[in-house]
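Chemist: Contents are mmCIF, C-alpha atoms; file name final02.cif:
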```cif
data_protein
#
loop_
_atom_site.label_atom_id
_atom_site.label_comp_id
_atom_site.auth_asym_id
_atom_site.auth_seq_id
_atom_site.Cartn_x
_atom_site.Cartn_y
_atom_site.Cartn_z
CA MET A 1 84.95 108.90 102.49
CA LEU A 2 87.42 107.29 104.83
CA ASN A 3 85.94 104.72 107.15
CA HIS A 4 88.98 104.05 109.28
CA PRO A 5 90.48 107.15 110.89
CA ALA A 6 92.72 104.96 113.10
CA LEU A 7 94.09 103.29 109.99
CA ASP A 8 94.77 106.68 108.42
CA LEU A 9 96.97 107.54 111.40
CA VAL A 10 98.75 104.22 111.04
CA PHE A 11 99.44 104.66 107.36
CA ALA A 12 100.42 108.31 107.76
CA ALA A 13 102.89 107.12 110.39
CA LEU A 14 104.26 104.48 108.02
CA ALA A 15 104.49 106.86 105.05
CA ASP A 16 107.93 107.99 106.22
CA PRO A 17 111.01 105.84 105.46
CA SER A 18 112.73 106.67 108.77
CA ARG A 19 109.64 105.67 110.73
CA ARG A 20 109.37 102.45 108.72
CA THR A 21 112.99 101.71 109.63
CA MET A 22 112.11 102.26 113.30
CA VAL A 23 109.04 99.98 113.10
CA GLU A 24 111.02 97.35 111.24
CA ARG A 25 113.69 97.43 113.97
CA LEU A 26 111.02 97.18 116.69
CA SER A 27 109.33 94.27 114.94
CA ARG A 28 112.48 92.31 115.89
CA GLY A 29 112.18 93.27 119.57
CA PRO A 30 112.16 96.19 122.04
CA ALA A 31 114.83 98.84 121.59
CA SER A 32 116.03 102.03 123.27
CA VAL A 33 115.72 105.39 121.52
CA SER A 34 119.44 105.42 120.84
CA ASP A 35 119.18 101.90 119.33
CA LEU A 36 116.52 103.30 117.01
CA ALA A 37 118.60 106.34 116.17
CA GLN A 38 121.68 104.28 115.37
CA PRO A 39 120.92 103.31 111.71
CA LEU A 40 119.30 106.70 111.02
CA ASP A 41 121.29 109.74 110.04
CA MET A 42 119.48 112.15 112.37
CA SER A 43 119.64 113.80 115.76
CA LEU A 44 118.05 112.30 118.87
CA PRO A 45 115.41 115.07 119.06
CA ALA A 46 114.41 114.25 115.46
CA VAL A 47 114.14 110.57 116.35
CA MET A 48 112.01 111.53 119.37
CA GLN A 49 109.66 113.44 117.06
CA HIS A 50 109.26 110.43 114.78
CA LEU A 51 108.70 108.26 117.84
CA GLN A 52 105.91 110.58 118.93
CA VAL A 53 104.14 110.17 115.56
CA LEU A 54 104.44 106.38 115.89
CA GLU A 55 103.07 106.50 119.45
CA THR A 56 100.12 108.69 118.42
CA SER A 57 99.27 106.18 115.70
CA GLY A 58 99.22 103.46 118.36
CA LEU A 59 101.80 101.35 116.54
CA VAL A 60 104.50 101.83 119.14
CA ARG A 61 104.61 102.52 122.85
CA SER A 62 107.54 103.59 124.98
CA GLU A 63 108.31 103.88 128.67
CA LYS A 64 111.16 105.33 130.63
CA THR A 65 113.05 102.85 132.76
CA GLY A 66 115.76 104.66 134.68
CA ARG A 67 117.57 106.90 132.22
CA VAL A 68 116.66 104.88 129.15
CA ARG A 69 113.44 105.17 127.12
CA MET A 70 112.53 101.72 125.84
CA CYS A 71 110.24 101.35 122.82
CA ARG A 72 108.21 98.37 121.72
CA ILE A 73 105.74 97.55 119.02
CA GLU A 74 102.06 97.48 119.99
CA PRO A 75 100.70 94.31 118.36
CA LYS A 76 97.12 95.31 119.22
CA ALA A 77 97.35 98.27 116.82
CA PHE A 78 97.93 95.81 114.02
CA ALA A 79 95.43 93.23 115.32
CA THR A 80 92.55 95.69 115.72
CA ALA A 81 93.06 97.11 112.27
CA GLU A 82 90.57 95.59 109.85
CA GLY A 83 92.37 92.62 108.35
CA TRP A 84 91.56 92.75 104.67
CA PHE A 85 91.49 96.50 104.38
CA THR A 86 94.87 96.76 106.03
CA LYS A 87 96.31 94.02 103.88
CA ARG A 88 94.83 95.38 100.68
CA ARG A 89 96.19 98.82 101.38
CA ALA A 90 99.54 97.42 102.49
CA SER A 91 99.71 95.41 99.29
CA TRP A 92 99.15 98.56 97.19
CA GLU A 93 101.75 100.42 99.27
CA GLY A 94 104.16 97.57 98.49
CA ARG A 95 103.28 97.74 94.80
CA PHE A 96 103.87 101.48 94.70
CA ASP A 97 107.21 101.03 96.49
CA ARG A 98 108.16 98.63 93.70
CA LEU A 99 106.81 101.04 91.07
CA GLU A 100 109.06 103.77 92.46
CA ALA A 101 112.05 101.43 92.43
CA PHE A 102 111.25 100.45 88.83
CA LEU A 103 110.94 104.10 87.71
CA ALA A 104 114.25 104.95 89.39
CA GLU A 105 115.87 102.05 87.52
CA GLU A 106 114.43 103.31 84.23
CA ASP A 107 115.82 106.78 84.90
CA ALA A 108 119.22 105.27 85.71
CA GLU A 109 119.15 103.21 82.48
CA ASP A 110 118.37 106.40 80.57
CA ALA A 111 121.20 108.30 82.20
CA ARG A 112 123.62 105.50 81.28
CA SER A 113 122.49 105.30 77.64
CA ILE A 114 122.73 109.07 77.22
CA GLY A 115 126.42 108.74 78.04
CA THR A 116 127.08 105.91 75.56
CA THR A 117 124.63 106.21 72.65
CA LYS A 118 122.65 108.85 70.86
CA PRO A 119 120.59 111.10 73.11
CA ARG A 120 117.14 109.73 73.92
CA ARG A 121 113.94 111.58 74.46
CA ARG A 122 113.28 112.72 77.99
CA SER A 123 109.76 111.81 78.82
CA MET B 124 79.84 78.35 109.91
CA ASN B 125 78.75 79.53 106.51
CA THR B 126 78.28 83.28 106.68
CA THR B 127 77.40 85.63 103.89
CA SER B 128 78.62 89.17 104.37
CA ALA B 129 79.74 92.20 102.42
CA GLN B 130 81.94 94.89 103.95
CA HIS B 131 82.72 98.12 102.15
CA ASP B 132 85.80 100.23 102.36
CA THR B 133 87.48 103.14 100.63
CA PHE B 134 91.09 104.14 100.93
CA VAL B 135 93.34 106.70 99.29
CA ILE B 136 97.09 106.54 98.72
CA GLU B 137 98.93 109.65 97.59
CA ARG B 138 102.55 109.75 96.51
CA ARG B 139 104.91 112.19 94.88
CA LEU B 140 107.00 110.40 92.25
CA ALA B 141 110.25 111.70 90.75
CA SER B 142 109.36 110.55 87.20
CA SER B 143 107.14 112.38 84.71
CA PRO B 144 103.41 111.53 84.35
CA ALA B 145 104.19 109.94 80.94
CA ARG B 146 106.71 107.63 82.59
CA VAL B 147 104.37 106.68 85.40
CA PHE B 148 101.48 106.13 82.98
CA ALA B 149 103.67 103.85 80.82
CA ALA B 150 104.46 101.74 83.88
CA PHE B 151 100.72 100.92 84.04
CA ALA B 152 100.03 100.75 80.30
CA ASP B 153 102.88 98.53 79.09
CA GLN B 154 102.67 94.87 80.19
CA LYS B 155 106.47 94.40 80.18
CA LYS B 156 106.94 97.44 82.40
CA LYS B 157 104.02 96.59 84.66
CA ALA B 158 105.33 93.04 85.13
CA ARG B 159 108.48 94.52 86.67
CA TRP B 160 106.64 95.92 89.68
CA PHE B 161 102.98 94.90 89.95
CA GLY B 162 102.98 91.30 91.05
CA CYS B 163 106.58 90.63 91.99
CA VAL B 164 106.00 89.68 95.59
CA ASP B 165 109.04 87.93 97.07
CA GLY B 166 108.98 84.20 96.41
CA TRP B 167 105.72 84.30 94.43
CA GLU B 168 105.40 82.72 91.04
CA VAL B 169 103.47 84.43 88.25
CA ALA B 170 101.46 81.86 86.30
CA GLU B 171 99.82 84.31 83.92
CA HIS B 172 99.86 88.05 83.25
CA THR B 173 98.08 89.36 80.18
CA LEU B 174 97.20 93.02 79.69
CA ASP B 175 94.96 94.47 76.98
CA PHE B 176 95.32 98.11 77.95
CA ARG B 177 92.44 99.97 76.32
CA VAL B 178 88.94 101.06 77.33
CA GLY B 179 86.98 97.81 77.44
CA GLY B 180 90.20 95.80 77.64
CA ARG B 181 90.98 93.19 80.25
CA GLU B 182 93.92 92.12 82.37
CA VAL B 183 94.44 88.78 84.05
CA TRP B 184 97.02 88.14 86.73
CA ARG B 185 97.41 84.70 88.28
CA GLY B 186 100.07 83.64 90.70
CA GLY B 187 100.96 82.97 94.31
CA PRO B 188 103.39 81.25 96.61
CA PRO B 189 104.73 78.08 94.88
CA GLY B 190 102.58 75.08 95.77
CA ASP B 191 100.29 77.24 97.91
CA THR B 192 96.92 78.99 97.48
CA PRO B 193 96.62 80.50 93.97
CA HIS B 194 95.59 84.16 93.67
CA ARG B 195 93.75 85.59 90.70
CA ASN B 196 93.02 89.18 89.66
CA ASP B 197 90.56 89.95 86.85
CA THR B 198 90.63 93.56 85.71
CA TYR B 199 88.44 95.55 83.33
CA TYR B 200 89.51 99.00 82.11
CA HIS B 201 86.67 101.54 82.10
CA ASP B 202 88.42 104.82 81.39
CA ILE B 203 91.86 105.82 80.17
CA VAL B 204 93.16 109.37 79.68
CA PRO B 205 96.85 109.10 78.71
CA ASP B 206 99.21 110.49 81.36
CA GLU B 207 96.27 111.66 83.48
CA ARG B 208 93.80 109.02 84.60
CA ILE B 209 93.01 105.30 84.63
CA VAL B 210 89.79 103.82 86.02
CA TRP B 211 89.47 100.08 86.36
CA SER B 212 87.55 97.51 88.33
CA TYR B 213 89.03 94.26 89.55
CA ALA B 214 87.86 91.11 91.24
CA MET B 215 90.19 89.09 93.44
CA GLN B 216 90.01 85.37 94.04
CA VAL B 217 92.07 83.41 96.52
CA GLY B 218 91.95 79.64 96.20
CA GLY B 219 88.97 79.94 93.86
CA ARG B 220 86.88 82.00 96.33
CA ARG B 221 85.87 85.52 95.39
CA ILE B 222 87.15 87.72 98.20
CA SER B 223 86.66 91.24 96.85
CA VAL B 224 85.48 93.41 94.00
CA SER B 225 86.97 96.90 93.74
CA LEU B 226 86.79 100.08 91.74
CA ALA B 227 90.21 101.72 91.40
CA THR B 228 91.04 105.23 90.18
CA LEU B 229 94.55 106.43 89.44
CA GLU B 230 95.05 110.17 88.95
CA LEU B 231 98.34 111.65 87.77
CA SER B 232 99.23 115.33 87.66
CA PRO B 233 102.54 117.03 86.84
CA ASP B 234 104.47 118.33 89.83
CA GLY B 235 107.62 120.09 88.69
CA THR B 236 109.58 117.45 86.80
CA GLY B 237 107.77 114.71 88.72
CA THR B 238 104.25 113.47 89.31
CA GLN B 239 101.67 113.73 92.02
CA MET B 240 99.90 110.36 92.11
CA ARG B 241 96.55 109.68 93.78
CA PHE B 242 95.13 106.16 94.03
CA ILE B 243 91.60 105.56 95.32
CA GLU B 244 90.16 102.11 95.92
CA GLN B 245 86.48 101.55 96.72
CA GLY B 246 85.82 97.95 97.47
CA VAL B 247 83.43 95.34 98.72
CA TYR B 248 85.00 92.49 100.70
CA LEU B 249 82.98 89.32 100.60
CA ASP B 250 81.86 86.70 103.10
CA GLY B 251 83.98 87.60 106.10
CA HIS B 252 87.19 86.13 104.79
CA ASP B 253 88.82 88.47 107.26
CA GLY B 254 88.19 86.10 110.18
CA PHE B 255 89.98 86.48 113.48
CA ALA B 256 92.81 84.14 112.51
CA GLU B 257 93.19 86.16 109.33
CA ARG B 258 93.40 89.38 111.33
CA GLU B 259 96.10 87.99 113.55
CA ARG B 260 98.03 86.94 110.50
CA GLY B 261 97.47 90.44 109.11
CA THR B 262 99.97 91.73 111.65
CA LYS B 263 102.67 89.46 110.36
CA ASP B 264 101.80 90.13 106.72
CA LEU B 265 101.97 93.86 107.28
CA LEU B 266 105.38 93.57 108.88
CA ASP B 267 106.59 91.27 106.10
CA ASN B 268 105.39 93.84 103.63
CA LEU B 269 107.23 96.60 105.45
CA GLU B 270 110.39 94.59 105.54
CA ARG B 271 110.18 93.95 101.82
CA ALA B 272 109.60 97.61 101.09
CA LEU B 273 112.59 98.51 103.23
CA ARG B 274 114.81 95.97 101.53
CA GLU B 275 113.84 97.33 98.14
CA GLU B 276 114.61 100.85 99.25
CA GLY B 277 118.04 99.37 100.03
#
```
Just give me the structure as structure tokens.
Modeler:
Amino acid sequence: MLNHPALDLVFAALADPSRRTMVERLSRGPASVSDLAQPLDMSLPAVMQHLQVLETSGLVRSEKTGRVRMCRIEPKAFATAEGWFTKRRASWEGRFDRLEAFLAEEDAEDARSIGTTKPRRRS
Amino acid sequence: MNTTSAQHDTFVIERRLASSPARVFAAFADQKKKARWFGCVDGWEVAEHTLDFRVGGREVWRGGPPGDTPHRNDTYYHDIVPDERIVWSYAMQVGGRRISVSLATLELSPDGTGTQMRFIEQGVYLDGHDGFAERERGTKDLLDNLERALREEG
């Protein structure tokens, strides 16, 4: 039972690291599509596709001015989202990001110790 | 205005993790491991974190921004199937007020050498602590959260 279909779109949009990079950039101010593409290792059409997902979710809007498509964050999308639910979910997303980072560290520690000491169990 | 209200919500988070189910399970079961990811919000201090990880066991987490509103999580473990499932309930307090009570289910299944993780939270959020000011702040908090996640991805 999901009570917030709009929120599902928002979180699906934010589930992708490239799209989070784009949102993070836009949270600092409006940017052109090529500005958004700059830190990402992908083609412009791929960036446009990600932008479309963000626009569908309502997090971002864009408009063409002359030959440049400018993108900006849509604060209403965040404001209309139910406060606590959004925050609670965001806080679990943050926790799971940290869990992933921790697990990756553990794997790296394992890989190092395999090289220097007796082999350890792979679990 | 003193309002009494109860709002209900359910959400699901699914992730594919590169580590095995045993590894992921251990990150929830072992206090030392869990302390490395669960409550380490940037700039927050952890005042207490005790974990008695067994069916009928409890976990207490207290902490918050230094000198600011203390947060408290009280957890009770209802069901544990090693490497497969954990069911717990938890109550959250902020500044001594109960803000929510939730039932959480974590399901792990092997996916190649990794794990498919499914987290379901069913909660009741108490007494309209999500006021309008709170909602406006929610925007900023969400962005802060995103920024932190991005930094950690490095």
Chemist: Produce a table with one row for each residue of region 206-259 of chain B that has an atom at most 10 Å from any atom of region 170-184 of chain B, each row naming the nearest atom pair and its distance in Å at one decimal; use only C-alpha atoms; arrange rows by chain and rising residue number; format as a Markdown table.
Modeler:
```
| residue | atom | partner | partner_atom | distance |
| --- | --- | --- | --- | --- |
| B:Ile209 | CA | B:Val178 | CA | 9.4 |
| B:Val210 | CA | B:Val178 | CA | 9.2 |
| B:Trp211 | CA | B:Val178 | CA | 9.1 |
| B:Ser212 | CA | B:Arg181 | CA | 9.8 |
| B:Tyr213 | CA | B:Glu182 | CA | 8.9 |
| B:Met215 | CA | B:Trp184 | CA | 9.6 |
```
Chemist: Here is a test: counting only C-alpha atoms, which residue of B:Arg139, B:Arg220, B:Arg208, B:His201 is nearest to chain A?
Modeler: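 Smallest separation from chain A among the options: B:Arg139.
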Chemist: Between CA of Gly187 (chain B) and CA of Gly219 (chain B), what is the distance in Å, rounded to a tenth?
Modeler: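 CA of Gly219 (chain B) lies 12.4 Å from CA of Gly187 (chain B).
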Chemist: Here is a test: counting all atoms listed in the file, which residue of A:Met42, A:Leu9, A:Val33, A:Val23 is nearest to chain B?
Modeler: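 Counting all atoms listed in the file, the residue closest to chain B is A:Val23.
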Chemist: Please determine, counting all atoms listed in the file, which residue among A:Arg69, A:His50, A:Arg95, A:Arg28 has the shortest atom-to-atom distance to chain B.
Modeler: A:Arg95
Chemist: Report the distance between CA of His131 (chain B) and CA of Ser57 (chain A) in Å, rounded to one decimal place.
Modeler: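 Value for the CA of His131 (chain B)-CA of Ser57 (chain A) distance: 22.9 Å.
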